[in-house]
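Peer 1: You'll find coords-v6.cif just under this line, and it carries mmCIF, C-alpha atoms.
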data_coords
loop_
_atom_site.group_PDB
_atom_site.id
_atom_site.type_symbol
_atom_site.label_atom_id
_atom_site.label_comp_id
_atom_site.auth_asym_id
_atom_site.auth_seq_id
_atom_site.Cartn_x
_atom_site.Cartn_y
_atom_site.Cartn_z
ATOM 1 C CA MET L 1 -27.070 102.906 -97.322
ATOM 2 C CA ASP L 2 -30.758 103.543 -96.611
ATOM 3 C CA ARG L 3 -33.271 100.868 -97.382
ATOM 4 C CA THR L 4 -36.843 101.516 -98.240
ATOM 5 C CA PRO L 5 -39.736 99.085 -97.856
ATOM 6 C CA ASP L 6 -40.853 96.956 -100.769
ATOM 7 C CA SER L 7 -43.924 98.063 -102.624
ATOM 8 C CA GLY L 8 -45.557 94.740 -101.748
ATOM 9 C CA ASP L 9 -45.186 95.302 -98.006
ATOM 10 C CA THR L 10 -48.718 96.140 -96.883
ATOM 11 C CA ALA L 11 -47.938 96.283 -93.162
ATOM 12 C CA GLY L 12 -46.088 99.569 -93.503
ATOM 13 C CA SER L 13 -42.649 97.953 -93.535
ATOM 14 C CA ALA L 14 -43.150 96.061 -90.320
ATOM 15 C CA GLY L 15 -40.219 93.786 -91.090
ATOM 16 C CA LYS L 16 -39.995 90.022 -90.715
ATOM 17 C CA THR L 17 -41.418 90.012 -87.217
ATOM 18 C CA GLY L 18 -44.609 91.866 -88.145
ATOM 19 C CA ARG L 19 -43.870 94.508 -85.520
ATOM 20 C CA SER L 20 -44.197 98.162 -86.408
ATOM 21 C CA ASP L 21 -42.128 99.516 -83.504
ATOM 22 C CA GLY L 22 -38.836 99.087 -85.318
ATOM 23 C CA ALA L 23 -37.652 96.089 -83.290
ATOM 24 C CA GLY L 24 -36.931 93.590 -86.063
ATOM 25 C CA ASP L 25 -34.876 90.413 -85.999
ATOM 26 C CA ALA L 26 -31.146 90.634 -85.464
ATOM 27 C CA SER L 27 -30.853 88.322 -88.469
ATOM 28 C CA GLU L 28 -32.205 90.995 -90.799
ATOM 29 C CA PRO L 29 -29.602 92.215 -93.226
ATOM 30 C CA GLY L 30 -28.255 95.543 -91.999
ATOM 31 C CA ALA L 31 -29.736 95.231 -88.500
ATOM 32 C CA ALA L 32 -26.438 94.859 -86.627
ATOM 33 C CA GLU L 33 -24.170 96.602 -89.098
ATOM 34 C CA ASP L 34 -22.537 100.002 -88.851
ATOM 35 C CA PRO L 35 -24.573 102.322 -86.558
ATOM 36 C CA GLU L 36 -24.272 105.091 -89.147
ATOM 37 C CA GLU L 37 -26.279 102.989 -91.591
ATOM 38 C CA ILE L 38 -29.949 103.601 -91.016
ATOM 39 C CA LEU L 39 -32.501 100.954 -91.863
ATOM 40 C CA VAL L 40 -35.712 102.745 -92.774
ATOM 41 C CA ARG L 41 -38.615 100.668 -91.519
ATOM 42 C CA ASP L 42 -41.335 103.272 -91.886
ATOM 43 C CA PRO L 43 -43.265 104.141 -95.017
ATOM 44 C CA VAL L 44 -41.399 106.763 -96.991
ATOM 45 C CA SER L 45 -42.310 109.298 -99.640
ATOM 46 C CA ALA L 46 -40.303 111.305 -102.135
ATOM 47 C CA PRO L 47 -36.670 111.960 -101.165
ATOM 48 C CA ASP L 48 -35.670 115.254 -99.535
ATOM 49 C CA ALA L 49 -33.104 117.739 -100.913
ATOM 50 C CA GLN L 50 -30.166 115.481 -99.944
ATOM 51 C CA GLY L 51 -31.686 112.468 -101.712
ATOM 52 C CA ARG L 52 -32.583 110.599 -98.518
ATOM 53 C CA PRO L 53 -36.079 109.167 -98.108
ATOM 54 C CA LYS L 54 -38.441 111.408 -96.177
ATOM 55 C CA ARG L 55 -40.673 110.079 -93.405
ATOM 56 C CA ALA L 56 -44.348 109.811 -94.261
ATOM 57 C CA THR L 57 -45.604 109.118 -90.735
ATOM 58 C CA ARG L 58 -45.701 111.133 -87.539
ATOM 59 C CA ARG L 59 -44.170 108.240 -85.605
ATOM 60 C CA PHE L 60 -40.953 108.906 -83.758
ATOM 61 C CA PRO L 61 -37.831 107.664 -85.537
ATOM 62 C CA LEU L 62 -35.973 104.605 -84.317
ATOM 63 C CA PHE L 63 -32.851 106.668 -83.579
ATOM 64 C CA THR L 64 -32.935 110.280 -82.422
ATOM 65 C CA ARG L 65 -29.888 112.191 -83.583
ATOM 66 C CA ASP L 66 -30.583 115.636 -82.111
ATOM 67 C CA THR L 67 -33.000 117.622 -79.990
ATOM 68 C CA ALA L 68 -34.873 120.524 -81.488
ATOM 69 C CA ARG L 69 -34.786 123.870 -79.720
ATOM 70 C CA PRO L 70 -38.034 124.953 -78.119
ATOM 71 C CA GLU L 71 -39.989 127.568 -80.013
ATOM 72 C CA GLY L 72 -38.618 130.961 -78.981
ATOM 73 C CA GLY L 73 -35.366 129.463 -77.713
ATOM 74 C CA GLY L 74 -33.171 131.803 -79.739
ATOM 75 C CA ARG L 75 -31.154 134.661 -78.291
ATOM 76 C CA ALA L 76 -33.139 137.468 -76.692
ATOM 77 C CA ALA L 77 -30.604 140.028 -77.981
ATOM 78 C CA ALA L 78 -28.209 140.257 -80.909
ATOM 79 C CA GLY L 79 -25.390 137.705 -81.124
ATOM 80 C CA ASP L 80 -22.704 140.355 -80.624
ATOM 81 C CA ALA L 81 -24.236 141.470 -77.291
ATOM 82 C CA PRO L 82 -22.615 140.209 -74.074
ATOM 83 C CA ALA L 83 -24.011 136.979 -72.607
ATOM 84 C CA PRO L 84 -26.099 138.615 -69.821
ATOM 85 C CA ALA L 85 -27.810 140.882 -72.357
ATOM 86 C CA ARG L 86 -28.657 137.887 -74.563
ATOM 87 C CA GLN L 87 -30.346 136.089 -71.680
ATOM 88 C CA TRP L 88 -32.101 139.011 -69.976
ATOM 89 C CA PRO L 89 -35.543 137.275 -69.658
ATOM 90 C CA VAL L 90 -34.262 134.311 -67.645
ATOM 91 C CA LEU L 91 -31.957 136.570 -65.615
ATOM 92 C CA THR L 92 -34.905 138.827 -64.761
ATOM 93 C CA VAL L 93 -37.038 135.916 -63.564
ATOM 94 C CA ALA L 94 -34.165 134.245 -61.688
ATOM 95 C CA GLY L 95 -33.095 137.556 -60.133
ATOM 96 C CA LEU L 96 -36.600 138.338 -58.856
ATOM 97 C CA ALA L 97 -37.011 134.794 -57.526
ATOM 98 C CA GLY L 98 -33.586 135.049 -55.839
ATOM 99 C CA ILE L 99 -34.524 138.358 -54.201
ATOM 100 C CA GLY L 100 -37.769 136.744 -53.058
ATOM 101 C CA LEU L 101 -35.893 133.832 -51.513
ATOM 102 C CA LEU L 102 -33.505 136.262 -49.821
ATOM 103 C CA ILE L 103 -36.452 138.178 -48.356
ATOM 104 C CA THR L 104 -37.949 134.858 -47.251
ATOM 105 C CA GLY L 105 -34.655 133.956 -45.588
ATOM 106 C CA LEU L 106 -34.699 137.276 -43.734
ATOM 107 C CA ASP L 107 -37.921 136.144 -42.012
ATOM 108 C CA VAL L 108 -40.423 138.049 -44.133
ATOM 109 C CA PHE L 109 -41.647 134.783 -45.594
ATOM 110 C CA ARG L 110 -45.030 135.870 -46.915
ATOM 111 C CA TRP L 111 -43.847 138.741 -49.108
ATOM 112 C CA GLY L 112 -40.724 136.916 -50.175
ATOM 113 C CA LEU L 113 -42.789 133.990 -51.451
ATOM 114 C CA VAL L 114 -45.255 136.363 -53.103
ATOM 115 C CA LEU L 115 -42.272 137.838 -54.971
ATOM 116 C CA VAL L 116 -41.214 134.326 -56.065
ATOM 117 C CA GLY L 117 -44.739 133.719 -57.400
ATOM 118 C CA VAL L 118 -44.796 137.096 -59.144
ATOM 119 C CA ALA L 119 -41.406 136.297 -60.729
ATOM 120 C CA LEU L 120 -42.894 133.133 -62.254
ATOM 121 C CA LEU L 121 -45.928 135.081 -63.468
ATOM 122 C CA ILE L 122 -43.572 137.603 -65.087
ATOM 123 C CA GLY L 123 -41.814 134.643 -66.711
ATOM 124 C CA ALA L 124 -45.172 133.486 -68.128
ATOM 125 C CA ALA L 125 -45.889 136.996 -69.431
ATOM 126 C CA LEU L 126 -42.437 137.237 -71.018
ATOM 127 C CA ARG L 127 -42.818 133.807 -72.611
ATOM 128 C CA TRP L 128 -46.162 134.897 -74.063
ATOM 129 C CA SER L 129 -45.171 138.338 -75.323
ATOM 130 C CA VAL L 130 -41.480 138.181 -76.287
ATOM 131 C CA PRO L 131 -40.733 136.126 -79.424
ATOM 132 C CA ASP L 132 -37.191 135.042 -78.414
ATOM 133 C CA VAL L 133 -36.641 134.566 -74.689
ATOM 134 C CA GLY L 134 -33.420 132.560 -74.700
ATOM 135 C CA MET L 135 -33.076 130.022 -71.924
ATOM 136 C CA LEU L 136 -36.484 130.916 -70.471
ATOM 137 C CA ALA L 137 -37.900 128.740 -73.269
ATOM 138 C CA VAL L 138 -37.735 125.195 -71.935
ATOM 139 C CA ARG L 139 -40.633 123.427 -73.615
ATOM 140 C CA SER L 140 -43.259 124.560 -76.105
ATOM 141 C CA ARG L 141 -44.616 128.082 -75.651
ATOM 142 C CA PHE L 142 -48.003 126.832 -74.433
ATOM 143 C CA THR L 143 -46.492 124.418 -71.911
ATOM 144 C CA ASP L 144 -44.098 127.054 -70.564
ATOM 145 C CA ILE L 145 -46.862 129.641 -70.146
ATOM 146 C CA VAL L 146 -49.163 127.177 -68.381
ATOM 147 C CA THR L 147 -46.369 125.857 -66.130
ATOM 148 C CA TYR L 148 -45.052 129.276 -65.118
ATOM 149 C CA GLY L 149 -48.577 130.638 -64.680
ATOM 150 C CA VAL L 150 -49.946 127.793 -62.568
ATOM 151 C CA LEU L 151 -46.859 127.546 -60.348
ATOM 152 C CA GLY L 152 -46.629 131.334 -59.927
ATOM 153 C CA THR L 153 -50.306 131.649 -59.043
ATOM 154 C CA ALA L 154 -50.171 128.708 -56.626
ATOM 155 C CA ILE L 155 -47.057 129.992 -54.826
ATOM 156 C CA ALA L 156 -48.422 133.541 -54.513
ATOM 157 C CA MET L 157 -51.878 132.416 -53.342
ATOM 158 C CA LEU L 158 -50.533 129.916 -50.835
ATOM 159 C CA ALA L 159 -48.188 132.555 -49.453
ATOM 160 C CA LEU L 160 -51.106 134.985 -49.064
ATOM 161 C CA MET L 161 -53.248 132.308 -47.389
ATOM 162 C CA ALA L 162 -50.562 131.206 -44.897
ATOM 163 C CA GLN L 163 -51.388 131.614 -41.225
ATOM 164 C CA PRO L 164 -51.237 133.637 -38.984
ATOM 165 C CA HIS L 165 -53.087 136.768 -40.114
ATOM 166 C CA ALA L 166 -53.700 135.675 -43.676
ATOM 167 C CA PRO L 167 -54.487 138.621 -45.947
ATOM 168 C CA LEU L 168 -56.324 136.279 -48.355
ATOM 169 C CA LYS L 169 -59.109 134.069 -47.049
ATOM 170 C CA ILE L 170 -60.861 131.546 -49.260
ATOM 171 C CA PRO L 171 -63.711 129.993 -47.237
ATOM 172 C CA PHE L 172 -64.116 126.707 -49.125
ATOM 173 C CA LEU L 173 -60.405 125.919 -48.691
ATOM 174 C CA ASN L 174 -60.696 126.478 -44.941
ATOM 175 C CA ASP L 175 -63.746 124.184 -44.820
ATOM 176 C CA LEU L 176 -61.933 121.591 -46.921
ATOM 177 C CA LEU L 177 -58.946 121.684 -44.598
ATOM 178 C CA HIS L 178 -61.132 121.285 -41.508
ATOM 179 C CA PHE L 179 -63.051 118.442 -43.174
ATOM 180 C CA THR L 180 -59.879 116.512 -44.034
ATOM 181 C CA VAL L 181 -58.259 117.069 -40.639
ATOM 182 C CA SER L 182 -61.356 116.190 -38.609
ATOM 183 C CA SER L 183 -62.160 113.010 -40.599
#
Mind turning the file's structure into C-alpha coordinates?
Peer 2:
Amino acid sequence: MDRTPDSGDTAGSAGKTGRSDGAGDASEPGAAEDPEEILVRDPVSAPDAQGRPKRATRRFPLFTRDTARPEGGGRAAAGDAPAPARQWPVLTVAGLAGIGLLITGLDVFRWGLVLVGVALLIGAALRWSVPDVGMLAVRSRFTDIVTYGVLGTAIAMLALMAQPHAPLKIPFLNDLLHFTVSS
(Lines of atoms letter the chains of each structure in order from A and count residues from 1; the text may use other names and numbers.)
(Lines give C-alpha, C1' and ligand atoms only; values in the text may rest on other atoms or scores of the structure.)
Protein backbone atom coordinates (compact mmCIF):
# COMPACT_ATOMS: atom_id res chain seq x y z
CA MET A 1 0.00 0.00 0.00
CA ASP A 2 1.53 3.31 -1.11
CA ARG A 3 0.94 6.39 0.94
CA THR A 4 0.93 9.86 -0.42
CA PRO A 5 1.57 13.06 1.53
CA ASP A 6 -1.31 15.07 2.91
CA SER A 7 -2.32 18.14 1.01
CA GLY A 8 -1.59 20.21 4.12
CA ASP A 9 2.04 19.08 4.27
CA THR A 10 3.97 22.12 3.07
CA ALA A 11 7.43 20.68 3.69
CA GLY A 12 7.17 18.32 0.75
CA SER A 13 6.21 15.32 2.88
CA ALA A 14 9.17 15.60 5.18
CA GLY A 15 7.51 13.36 7.75
CA LYS A 16 7.32 13.81 11.50
CA THR A 17 11.00 14.56 11.88
CA GLY A 18 11.01 17.44 9.39
CA ARG A 19 13.76 15.75 7.39
CA SER A 20 13.46 15.51 3.64
CA ASP A 21 16.03 12.73 3.16
CA GLY A 22 13.54 9.96 3.81
CA ALA A 23 14.86 9.05 7.27
CA GLY A 24 11.68 9.33 9.34
CA ASP A 25 10.89 7.96 12.78
CA ALA A 26 10.67 4.22 13.27
CA SER A 27 7.38 4.93 15.05
CA GLU A 28 5.77 6.12 11.83
CA PRO A 29 3.04 3.80 10.66
CA GLY A 30 4.41 1.64 7.86
CA ALA A 31 8.06 2.50 8.52
CA ALA A 32 9.15 -0.94 9.75
CA GLU A 33 6.52 -3.03 8.01
CA ASP A 34 6.88 -5.31 5.02
CA PRO A 35 9.84 -4.21 2.82
CA GLU A 36 7.64 -4.58 -0.26
CA GLU A 37 5.40 -1.80 1.03
CA ILE A 38 6.80 1.52 -0.07
CA LEU A 39 6.14 4.65 1.93
CA VAL A 40 6.17 7.56 -0.50
CA ARG A 41 7.70 10.54 1.25
CA ASP A 42 8.25 12.72 -1.79
CA PRO A 43 5.74 14.97 -3.49
CA VAL A 44 3.79 13.01 -6.06
CA SER A 45 1.76 13.86 -9.13
CA ALA A 46 -0.80 11.98 -11.17
CA PRO A 47 -0.52 8.17 -11.04
CA ASP A 48 1.30 6.27 -13.79
CA ALA A 49 -0.23 3.56 -16.02
CA GLN A 50 -0.20 0.99 -13.17
CA GLY A 51 -2.01 3.36 -10.80
CA ARG A 52 1.02 4.03 -8.59
CA PRO A 53 1.94 7.60 -7.71
CA LYS A 54 4.60 9.10 -9.94
CA ARG A 55 7.57 11.02 -8.55
CA ALA A 56 7.46 14.77 -9.04
CA THR A 57 11.04 15.49 -7.97
CA ARG A 58 14.43 14.62 -9.40
CA ARG A 59 15.60 13.37 -6.01
CA PHE A 60 16.82 9.81 -5.81
CA PRO A 61 14.28 7.36 -4.39
CA LEU A 62 14.67 5.94 -0.90
CA PHE A 63 15.02 2.40 -2.26
CA THR A 64 16.65 1.57 -5.59
CA ARG A 65 15.15 -1.54 -7.14
CA ASP A 66 17.19 -1.80 -10.35
CA THR A 67 20.01 -0.24 -12.31
CA ALA A 68 19.34 1.27 -15.70
CA ARG A 69 21.49 0.22 -18.63
CA PRO A 70 23.85 2.85 -19.95
CA GLU A 71 22.77 4.56 -23.14
CA GLY A 72 23.95 2.39 -26.03
CA GLY A 73 24.31 -0.67 -23.82
CA GLY A 74 22.21 -2.89 -26.07
CA ARG A 75 23.58 -5.65 -28.27
CA ALA A 76 25.92 -4.57 -31.05
CA ALA A 77 24.50 -7.29 -33.34
CA ALA A 78 21.20 -9.12 -33.67
CA GLY A 79 20.06 -11.30 -30.76
CA ASP A 80 20.35 -14.50 -32.80
CA ALA A 81 24.05 -13.83 -33.57
CA PRO A 82 26.66 -15.72 -31.53
CA ALA A 83 27.93 -14.00 -28.37
CA PRO A 84 31.29 -12.80 -29.83
CA ALA A 85 29.49 -11.15 -32.75
CA ARG A 86 27.12 -9.35 -30.35
CA GLN A 87 30.02 -7.88 -28.39
CA TRP A 88 32.42 -7.06 -31.23
CA PRO A 89 33.21 -3.46 -30.06
CA VAL A 90 34.49 -4.48 -26.63
CA LEU A 91 36.29 -7.50 -28.09
CA THR A 92 38.03 -5.25 -30.63
CA VAL A 93 39.24 -2.84 -27.95
CA ALA A 94 40.24 -5.61 -25.53
CA GLY A 95 41.97 -7.57 -28.30
CA LEU A 96 44.04 -4.57 -29.42
CA ALA A 97 44.93 -3.72 -25.82
CA GLY A 98 45.90 -7.37 -25.21
CA ILE A 99 48.12 -7.40 -28.30
CA GLY A 100 49.68 -4.16 -27.08
CA LEU A 101 50.40 -5.67 -23.67
CA LEU A 102 51.87 -8.75 -25.35
CA ILE A 103 54.16 -6.55 -27.45
CA THR A 104 55.09 -4.65 -24.28
CA GLY A 105 55.90 -7.95 -22.58
CA LEU A 106 58.16 -8.88 -25.49
CA ASP A 107 60.34 -5.86 -24.63
CA VAL A 108 59.05 -3.44 -27.26
CA PHE A 109 57.45 -1.36 -24.54
CA ARG A 110 57.01 1.92 -26.38
CA TRP A 111 55.03 0.61 -29.35
CA GLY A 112 53.11 -1.86 -27.24
CA LEU A 113 51.90 0.94 -24.96
CA VAL A 114 51.13 3.14 -27.95
CA LEU A 115 48.90 0.31 -29.21
CA VAL A 116 47.15 0.17 -25.81
CA GLY A 117 46.50 3.93 -26.03
CA VAL A 118 45.28 3.63 -29.62
CA ALA A 119 42.94 0.80 -28.55
CA LEU A 120 41.34 3.12 -25.99
CA LEU A 121 41.05 5.88 -28.59
CA ILE A 122 39.33 3.41 -30.93
CA GLY A 123 37.00 2.58 -28.04
CA ALA A 124 36.16 6.29 -27.71
CA ALA A 125 35.52 6.53 -31.46
CA LEU A 126 33.30 3.44 -31.40
CA ARG A 127 31.37 4.76 -28.40
CA TRP A 128 30.80 8.03 -30.26
CA SER A 129 29.84 6.62 -33.65
CA VAL A 130 28.13 3.27 -33.05
CA PRO A 131 24.66 3.50 -31.47
CA ASP A 132 24.76 0.12 -29.66
CA VAL A 133 28.19 -0.98 -28.47
CA GLY A 134 27.24 -3.69 -25.99
CA MET A 135 29.52 -4.02 -22.99
CA LEU A 136 31.75 -1.17 -24.18
CA ALA A 137 29.04 1.12 -22.78
CA VAL A 138 29.82 1.42 -19.08
CA ARG A 139 28.55 4.86 -18.13
CA SER A 140 26.83 7.61 -20.09
CA ARG A 141 28.02 8.15 -23.66
CA PHE A 142 29.73 11.45 -22.79
CA THR A 143 31.54 10.01 -19.77
CA ASP A 144 32.71 6.95 -21.70
CA ILE A 145 34.03 9.03 -24.60
CA VAL A 146 35.88 11.42 -22.29
CA THR A 147 37.31 8.59 -20.16
CA TYR A 148 38.48 6.47 -23.09
CA GLY A 149 39.82 9.52 -24.92
CA VAL A 150 41.76 11.02 -22.02
CA LEU A 151 43.24 7.70 -20.89
CA GLY A 152 44.12 6.66 -24.46
CA THR A 153 45.77 9.99 -25.22
CA ALA A 154 47.69 10.01 -21.93
CA ILE A 155 48.97 6.43 -22.36
CA ALA A 156 50.03 7.00 -25.98
CA MET A 157 51.73 10.35 -25.26
CA LEU A 158 53.54 9.09 -22.18
CA ALA A 159 54.75 6.07 -24.12
CA LEU A 160 56.06 8.34 -26.89
CA MET A 161 57.76 10.63 -24.36
CA ALA A 162 59.48 7.81 -22.42
CA GLN A 163 63.26 7.88 -22.33
CA PRO A 164 65.67 6.94 -23.88
CA HIS A 165 65.38 8.31 -27.42
CA ALA A 166 61.91 9.75 -27.07
CA PRO A 167 60.27 10.33 -30.45
CA LEU A 168 58.00 12.99 -28.89
CA LYS A 169 59.54 15.88 -26.98
CA ILE A 170 57.41 18.45 -25.20
CA PRO A 171 59.75 21.15 -23.82
CA PHE A 172 57.56 22.51 -21.02
CA LEU A 173 57.11 19.01 -19.56
CA ASN A 174 60.88 18.52 -19.51
CA ASP A 175 61.31 21.89 -17.77
CA LEU A 176 58.55 21.02 -15.31
CA LEU A 177 60.20 17.71 -14.51
CA HIS A 178 63.59 19.34 -13.95
CA PHE A 179 61.99 22.05 -11.79
CA THR A 180 60.24 19.52 -9.54
CA VAL A 181 63.27 17.24 -9.24
CA SER A 182 65.76 20.04 -8.55
CA SER A 183 63.57 21.79 -5.93
Peer 1: Which polymer residues, protein or nucleic acid, are no farther than 6 Å from (-33.9, 133.0, -71.8), counting all atoms listed in the file, as a PyMOL selection string?
Peer 2: chain L and resi 87+89-90+133-136
Peer 1: Take CA of Thr147 in chain L and CA of Leu101 in chain L and report the distance between them in Å, one decimal.
Peer 2: 19.7 Å
Peer 1: Could you check the closest approach to Thr104 in chain L for each of L:Val138, L:Ala159, L:Phe179, L:Ala125 and tell me which residue wins, using all atoms listed in the file?
Peer 2: L:Ala159
Peer 1: Could you expand the PyMOL selection byres ((chain L and resi 157) around 12) into the explicit residues it covers here, written as a PyMOL selection string?
Peer 2: chain L and resi 110-111+113-118+149-156+158-162+166-170+173
Peer 1: Name the closest residue to Leu96 in chain L among the candidates L:Ala81, L:Ala119, L:Val146, L:Ala76; distances are taken between atoms, counting all atoms listed in the file.
Peer 2: L:Ala119
